[in-house]
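First the structure, in the form of structure tokens, and then the observations on it.
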Number of protein chains: 2
Amino acid sequence: METIITIGREFGSGGRVIGKMLAERLQIPFYDKDLIALASERSGLSSQLLEVVDEQPVSLFLQTCSTMAFTAGGRISLPTEISLNDKLFFAQAEVIKNLAAEGPCVIVGRCADYVLRDHSKVVNVFIHADLTYRIERAVNVYGIDRRKARNTVMKTDKKRANYYNYYTNRDWSSAQTYDLCIDSTVLGPEGTAALLQHLAEGVDARPSG
Amino acid sequence: METIITIGREFGSGGRVIGKMLAERLQIPFYDKDLIALASERSGLSSQLLEVVDEQPVSLFLQTCSTMAFTAGGRISLPTEISLNDKLFFAQAEVIKNLAAEGPCVIVGRCADYVLRDHSKVVNVFIHADLTYRIERAVNVYGIDRRKARNTVMKTDKKRANYYNYYTNRDWSSAQTYDLCIDSTVLGPEGTAALLQHLAEGVDARPSG
């Protein structure tokens with residue numbers, strides 16, 4: 001196996017668990033939050049601080065400032081918050097590239113599909129599920145208050161979409177963004193992991209180049 | 001096998017061919033353009049006329065008239081064009097429901113996923129591919145003039161999206177609209193059909209309910 005599998009996921013869809021199952025099936029490493037720790041070490045930023053900004057969208061105002069700075073190409077100094085978000089993104093991107101260079105693995109979130117867009121063997125997956133299922137998982141798996149669960153699920157996805165769209169200039173929930181998108185409730189977590197194994201092995205068997 | 005597989009597809013992605021391969025693998029019927037003939041017989045409209053309006057979007061003006069008529073709930077008489085489009089849609093929808101009632105099958109296009117939304121065993125697939133690949137197929141498989149191929153591919157998809165979004169109130173190219181979306185170039189036509197077989201058999205093995 002040489003293939004890297006990246007997984008984007010809706011909150012509560014079970015994408016992380018499925019990614020872990022897939023990594024176990026393929027006997028390759030699995031990377032998720034650990035990336036933050038690695039990125040933290042590299043960037044010299046405190047891991048606590050990084051956890052606060054991880055996968056958080058840049059506010060519209062800051063986003064505008066950032067775009068202005070990029071497009072103007074001038075020497076506008078960006079606000080500290082932008083700098084922190086961007087610093088984490090680029091630190092994580094470097095970690096992701098280094099991990100990918102080490103060999104096959106499963107990477108969840110953090111725009112890994114975009115970061116590895118020039119990698120020769122990578123397959124990009126998006127996992128989603130209907131809102132009712134995700135609310136149930138938010139309550140039962142993450143222990144989120146039932147009254148707040150719907151709001152938390154929807155807000156988290158909005159943040160993920162904003163973060164992804166901002167850094168990649170792609171559309172987080174568009175079918176065309178990924179090699180494969182799947183509703184995790186159709187085959188269940190194990191069944192989905194098995195189908196993704198089928199996909200990854202198929203990609204791996206392809207001639208390189 | 002009890003499961004119905006519906007396939008939406010970008011023009012030139014090979015979705016139709018893959019659907020046919022899948023039907024052969026599962027030894028179940030495959031329906032595509034034939035639906036038009038069946039629908040034609042039922043509706044009493046000429047098949048030539050139906051072919052002209054099949055999967056063609058309603059113009060923005062007519063769409064607005066139609067929405068007005070629906071929302072007003074009054075006795076506004078719709079323009080003939082609307083009536084023809086809608087007549088075909090509802091005739092095809094009835095044919096699709098009858099075919100689904102007969103047993104498992106593969107149905108390509110014509111909002112079959114939406115028409116069969118209340119069916120107990122159905123799995124909805126969307127097949128896409130990058131533009132370069134689709135342009136090549138448009139030229140080599142459909143014999144479209146190379147100079148016009150890019151435009152034809154993009155226009156056809158725009159028409160399909162408008163048609164789908166108008167009749168279903170869903171988003172044609174959103175990952176969440178389908179159970180599974182796949183780029184047909186990742187595993188190739190046969191490989192994609194094999195993966196869809198894996199999916200369909202998994203869905204079929206699920207307890208009903």
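Naming works like this for the structure tokens: A, B, ... for the chains as they're shown, residue 1 at the start of each chain, ligands 1 onward in shown order.
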Report as a list of chain:residue names all protein, DNA and RNA residues lying within 10 Å of stretch 136-144 of chain A, evaluated on only C-alpha atoms, omitting residues in the same chain fewer than 6 positions from it. A:Phe11, A:Gly12, A:Ser13, A:Gly14, A:Arg150, A:Thr152, A:Val153
Taking only C-alpha atoms into account, what are the residues of chain A at most 12 Å from chain B, put as number ranges by chain? A: 8-10, 13, 121-131, 171-188, 190-207
Distance of atom CA of A:Pro29 from atom CA of A:Leu84, expressed in Å to one decimal place: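 Computing the Euclidean distance for atom CA of A:Leu84 and atom CA of A:Pro29 yields 27.9 Å.
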Among listed residues B:Ile107, B:Ala101, B:Val95, B:Ala161, nearest B:Tyr31 (using only C-alpha atoms): B:Ile107
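The two atoms in question, atom CA of B:Ile18 and atom CA of B:Pro189, are spaced 5.6 Å apart.
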